Amino acid sequence: MSTILLSNFTGILPRMSDSLLPDNASQVARNVKLQSGEIRPWRKPVKVQPALQKGVKSIFKMEGTGGETLWCEWVDDTDVCYGPVADQEEFRIYYSEGGVCKKTNWKLASEGDGIAPRNWYYLGTPYPDGKPTLKANRVPNDKEEWQDKYPDKPYEEYSADNTENRVYAYTYVSEFGDVVEESAPSEAAEVTCDVSGGSVEVSGFIDPPTDHLNVTRIRLYRAVMGASSVIYKLVDELPLKDHKFPASGTSLNAVRWSNSTYTDKASVVDLGKELDSLYYNEPPKGLKGLVAMPNGFLAGFVHNEVWFSEPYLPHAWPSVYMLTTDSPIVGLGVYGNTLVVATTRQPYTISGTHPSSMAQEKQPMMQPCVAKRSIAYDQYGVIYASPYGLVAIAGGQMDVFTREIITQDEWQEYNPTTMTAAMYNNLYMDSYRKAGKNFMLVFSRGDQPALVEYSFTPTAMHVERGTGRLFCLNEEDNYIYQMDADPINRELYEWQSKRFVNPFWTSFSAMKLDADFGANEDVKAWEAYRDQALEYNHTIWEQQAGKSLLGEFNAVTLNTFEVNGSLMRTLPVRADFRSVTVTLTADGKDIYSKTFTEIQACRIPAVKAYTWEVRFSGTMFVRSFAMSTTMRELSSPN
């Protein structure tokens, strides 16, 4: 006698022969969740909205103050970070689109029509491209003229040797919603005053660029000599719009700053705050891979350089914080206070709580990253695709965590250089491209690293903040879908067992399947609920004949109905009947199929063969399966 028992199902193991797989492993595992030990299909994806462009590589869901949502899309590879600055109503994001760093908020992104984000600013604030022009006012020649010009300074204090050297610089100040961002200073200019405390006329201000920038004023600074250093202190802030200055200044009677003059009469004690944006450079050209570190600063890379922003000032990227690697950088990932730098050779880890004191470590394992978009991270660390499999880095440890289920030879069949990934519910969702089409692999992170396939063709993925829901852009119809979202219907799955090889001809006589045969009771209840909704809508339609259904704009107060709702109920989707079919394969040929409706042993045709395989397909949960050479072994109650 011979018996095949299948339970505690698991995924595919490409590194092993079909005949040497564990009894509970599979040759094919598609559209299934196996973490429970049962064969459970994924819920069907739900359409959200179409993409407005072809060839979109990155998508991102923005949130509004009233619960509104807006889908942003880019045809270039784009890295998006939430803003680290205090933000209750603006919903700011920072992103690098094909190496160009930008920022936007809900108001900017949603204004007007067309592809979102519809409006944006460049991430950094440029510094003035030129030094100011200075002119020291002439000292009066006699006492009467002196007292007219300097009524608060006694004429007797004047001395021909009492001169003063002045140094000036100025900055641009931009506004991004409620956030005020100051640039690095201009080149400094120097002038000699005839008398200490004399006035200086400052001009030559350069008008700022206006393309996707919102510079609203300049700040004028003057150098002050300290006990051991020189610092710049604020002289005045000169608005661009209203041109109303404090009494100590002279108004600039021009629409912009060029060809305008400001007269500095302030004494040292009247000067304002110290210049703190001395090293606040714009992000370097070509900065990619933006990620948010936990202490309020962003990180990105250019070639083999790792750059960091000033904490809580994402527009400022001091060059003194920059670190380098010995090989080109492919992408970045974050876990805890550690930045993982994936390169074309060995990865680096950079740890710390402030960009001025980051500690860099080169990892000893030669595991290059072959696809920037394959980098994903969760509480277990950072994962990326290498030529040998998926590399996991966390807590100073590093390994190819897929080594047990796939070797380098099989791994290359999945084209790792084309991979795009996201972490969803402790699953590494991995899209790859082969033969001109996208496919998807699913690796389990928290449990055993079981590998299954998923019949979906994503070109871009996004995991929503707060809910953890996964959204994918489907290559086939260019629609954004919420994955694993249908409330009642499941994907059609397929799970095929190993090749069970016997040393002699074997003829199996009976089989029995344990599955969730009560699942269709839920389907019936759902359809009854749907029928009620249909009947209700029919009644409302008749009652409101010729009248409004209150679905038009401003017909009711806010929150009376759901978005796009009316007096009529939203009709639930139709529920699909759930079933499971078992197909037996003997010596490579399908010999028998049966759709089960209850847990009961049944006979199978008498066929002698050396190799046997079992395939399950359907939408119903499968718990276990048994097949034996005699009916007696299976006929007793399970």
# chains A, B, ... in the order shown; residues from 1 in each chain; ligands from 1
call {"tool": "select_by_dssp", "arguments": {"residues": "stretch 8-237 of chain A", "states": "helix (DSSP H, G or I)", "output": "list in words"}}
result
Trp106, Lys107, Leu108, Ala109, Ser110, Lys143, Glu144, Glu145, Trp146, Gln147, Asp148, Lys149, Tyr155, Glu156 and Glu157 of chain A
call {"tool": "residues_around", "arguments": {"residues": "A:Asp484", "least_positions_apart": "2", "cutoff": "8 Å", "atoms": "only C-alpha atoms", "output": "ChimeraX atom specification"}}
result
/A:42-46,470,482,486
call {"tool": "write_last_selection", "arguments": {"atoms": "N, CA, C and O atoms", "output": "PDB file, in the first residue's frame"}}
result
ATOM      1  N   TRP A  42      -5.218  35.045  -2.519  1.00  0.00           N
ATOM      2  CA  TRP A  42      -5.252  36.484  -2.281  1.00  0.00           C
ATOM      3  C   TRP A  42      -6.638  37.022  -2.621  1.00  0.00           C
ATOM      4  O   TRP A  42      -7.334  36.485  -3.484  1.00  0.00           O
ATOM      5  N   ARG A  43      -7.020  38.067  -1.927  1.00  0.00           N
ATOM      6  CA  ARG A  43      -8.222  38.788  -2.335  1.00  0.00           C
ATOM      7  C   ARG A  43      -7.949  39.490  -3.665  1.00  0.00           C
ATOM      8  O   ARG A  43      -6.824  39.918  -3.935  1.00  0.00           O
ATOM      9  N   LYS A  44      -8.962  39.622  -4.466  1.00  0.00           N
ATOM     10  CA  LYS A  44      -8.790  40.283  -5.745  1.00  0.00           C
ATOM     11  C   LYS A  44      -8.439  41.756  -5.560  1.00  0.00           C
ATOM     12  O   LYS A  44      -8.892  42.393  -4.606  1.00  0.00           O
ATOM     13  N   PRO A  45      -7.641  42.323  -6.460  1.00  0.00           N
ATOM     14  CA  PRO A  45      -7.375  43.766  -6.396  1.00  0.00           C
ATOM     15  C   PRO A  45      -8.603  44.570  -6.810  1.00  0.00           C
ATOM     16  O   PRO A  45      -9.469  44.074  -7.538  1.00  0.00           O
ATOM     17  N   VAL A  46      -8.671  45.807  -6.332  1.00  0.00           N
ATOM     18  CA  VAL A  46      -9.793  46.690  -6.632  1.00  0.00           C
ATOM     19  C   VAL A  46      -9.275  47.904  -7.397  1.00  0.00           C
ATOM     20  O   VAL A  46      -8.299  48.546  -6.986  1.00  0.00           O
ATOM     21  N   LEU A 470      -1.286  48.326   0.027  1.00  0.00           N
ATOM     22  CA  LEU A 470      -0.423  48.303  -1.150  1.00  0.00           C
ATOM     23  C   LEU A 470      -1.223  48.671  -2.395  1.00  0.00           C
ATOM     24  O   LEU A 470      -2.304  48.122  -2.638  1.00  0.00           O
ATOM     25  N   GLN A 482      -5.797  48.806  -5.741  1.00  0.00           N
ATOM     26  CA  GLN A 482      -5.471  48.462  -4.359  1.00  0.00           C
ATOM     27  C   GLN A 482      -5.420  46.949  -4.273  1.00  0.00           C
ATOM     28  O   GLN A 482      -6.388  46.257  -4.583  1.00  0.00           O
ATOM     29  N   ASP A 486     -10.504  43.208  -2.373  1.00  0.00           N
ATOM     30  CA  ASP A 486     -11.899  42.876  -2.619  1.00  0.00           C
ATOM     31  C   ASP A 486     -12.529  42.289  -1.359  1.00  0.00           C
ATOM     32  O   ASP A 486     -11.962  41.368  -0.750  1.00  0.00           O
TER      33      ASP A 486
END
call {"tool": "closest_residue", "arguments": {"among": "A:Phe577, A:Tyr348, A:Tyr335, A:Trp106", "to": "A:Val523", "atoms": "only C-alpha atoms"}}
result
A:Phe577
call {"tool": "residues_around", "arguments": {"residues": "stretch 602-615 of chain A", "least_positions_apart": "6", "cutoff": "10 Å", "atoms": "only C-alpha atoms", "output": "PyMOL selection string"}}
result
chain A and resi 4+6+19+26-29+494-513+581-594+596+625+627-631+634-635
call {"tool": "write_last_selection", "arguments": {"atoms": "C-alpha atoms", "output": "JSON list (two decimals), in the first residue's frame"}}
result
[["chain", "number", "residue", "atom", "x", "y", "z"],
["A", 4, "ILE", "CA", 0.27, 10.57, -0.29],
["A", 6, "LEU", "CA", -0.41, 16.82, 1.85],
["A", 19, "SER", "CA", 11.32, 15.09, -7.22],
["A", 26, "SER", "CA", 5.33, 22.82, -4.57],
["A", 27, "GLN", "CA", 6.43, 23.13, -8.15],
["A", 28, "VAL", "CA", 3.85, 25.88, -8.76],
["A", 29, "ALA", "CA", 2.36, 28.18, -6.12],
["A", 494, "GLU", "CA", -2.91, 27.16, -8.54],
["A", 495, "TRP", "CA", -0.77, 24.93, -6.34],
["A", 496, "GLN", "CA", 1.03, 21.89, -7.76],
["A", 497, "SER", "CA", 2.78, 19.32, -5.60],
["A", 498, "LYS", "CA", 6.22, 17.77, -6.03],
["A", 499, "ARG", "CA", 6.73, 14.71, -8.26],
["A", 500, "PHE", "CA", 6.17, 11.71, -6.03],
["A", 501, "VAL", "CA", 8.34, 8.97, -7.54],
["A", 502, "ASN", "CA", 7.79, 5.28, -6.75],
["A", 503, "PRO", "CA", 10.30, 2.49, -7.56],
["A", 504, "PHE", "CA", 7.50, 0.46, -9.14],
["A", 505, "TRP", "CA", 4.17, 1.01, -10.84],
["A", 506, "THR", "CA", 1.58, 2.31, -8.41],
["A", 507, "SER", "CA", -2.18, 2.54, -8.90],
["A", 508, "PHE", "CA", -3.99, 4.91, -6.53],
["A", 509, "SER", "CA", -7.67, 4.11, -5.95],
["A", 510, "ALA", "CA", -9.10, 6.92, -3.81],
["A", 511, "MET", "CA", -8.54, 10.50, -2.69],
["A", 512, "LYS", "CA", -10.04, 12.88, -0.13],
["A", 513, "LEU", "CA", -9.85, 16.67, 0.24],
["A", 581, "THR", "CA", -10.70, 21.37, -8.30],
["A", 582, "VAL", "CA", -8.15, 18.58, -7.83],
["A", 583, "THR", "CA", -6.26, 17.32, -10.87],
["A", 584, "LEU", "CA", -4.10, 14.19, -10.79],
["A", 585, "THR", "CA", -1.08, 13.80, -13.08],
["A", 586, "ALA", "CA", 0.50, 10.38, -13.70],
["A", 587, "ASP", "CA", 3.82, 10.09, -15.55],
["A", 588, "GLY", "CA", 3.39, 13.65, -16.81],
["A", 589, "LYS", "CA", -0.18, 13.31, -18.11],
["A", 590, "ASP", "CA", -3.37, 14.65, -16.53],
["A", 591, "ILE", "CA", -5.58, 11.60, -15.87],
["A", 592, "TYR", "CA", -8.42, 12.82, -13.66],
["A", 593, "SER", "CA", -10.02, 16.02, -12.28],
["A", 594, "LYS", "CA", -12.75, 16.46, -9.69],
["A", 596, "PHE", "CA", -15.07, 18.87, -4.51],
["A", 625, "PHE", "CA", -5.32, 16.20, 0.95],
["A", 627, "MET", "CA", -4.58, 9.82, -1.74],
["A", 628, "SER", "CA", -4.19, 6.07, -1.21],
["A", 629, "THR", "CA", -4.10, 2.79, -3.06],
["A", 630, "THR", "CA", -7.13, 1.51, -1.13],
["A", 631, "MET", "CA", -10.51, 3.07, -0.37],
["A", 634, "LEU", "CA", -9.65, 7.07, 3.36],
["A", 635, "SER", "CA", -13.26, 6.06, 3.89]]
call {"tool": "closest_residue", "arguments": {"among": "A:Gly130, A:Pro416, A:Gly55, A:Pro209", "to": "A:Tyr170", "atoms": "only C-alpha atoms"}}
result
A:Gly130
call {"tool": "closest_residue", "arguments": {"among": "A:Lys547, A:Arg345, A:Lys135, A:His315", "to": "A:Met366", "atoms": "only C-alpha atoms"}}
result
A:Arg345
call {"tool": "select_by_dssp", "arguments": {"residues": "stretch 328-436 of chain A", "states": "strand (DSSP E or B)", "output": "MDAnalysis selection string"}}
result
chainID A and resid 329:335 338:343 348:351 359:362 376:378 381:386 389:394 397:400 420:424 427:434
call {"tool": "closest_residue", "arguments": {"among": "A:Ile115, A:Glu476, A:Gln49, A:Tyr122", "to": "A:Gly436", "atoms": "only C-alpha atoms"}}
result
A:Glu476
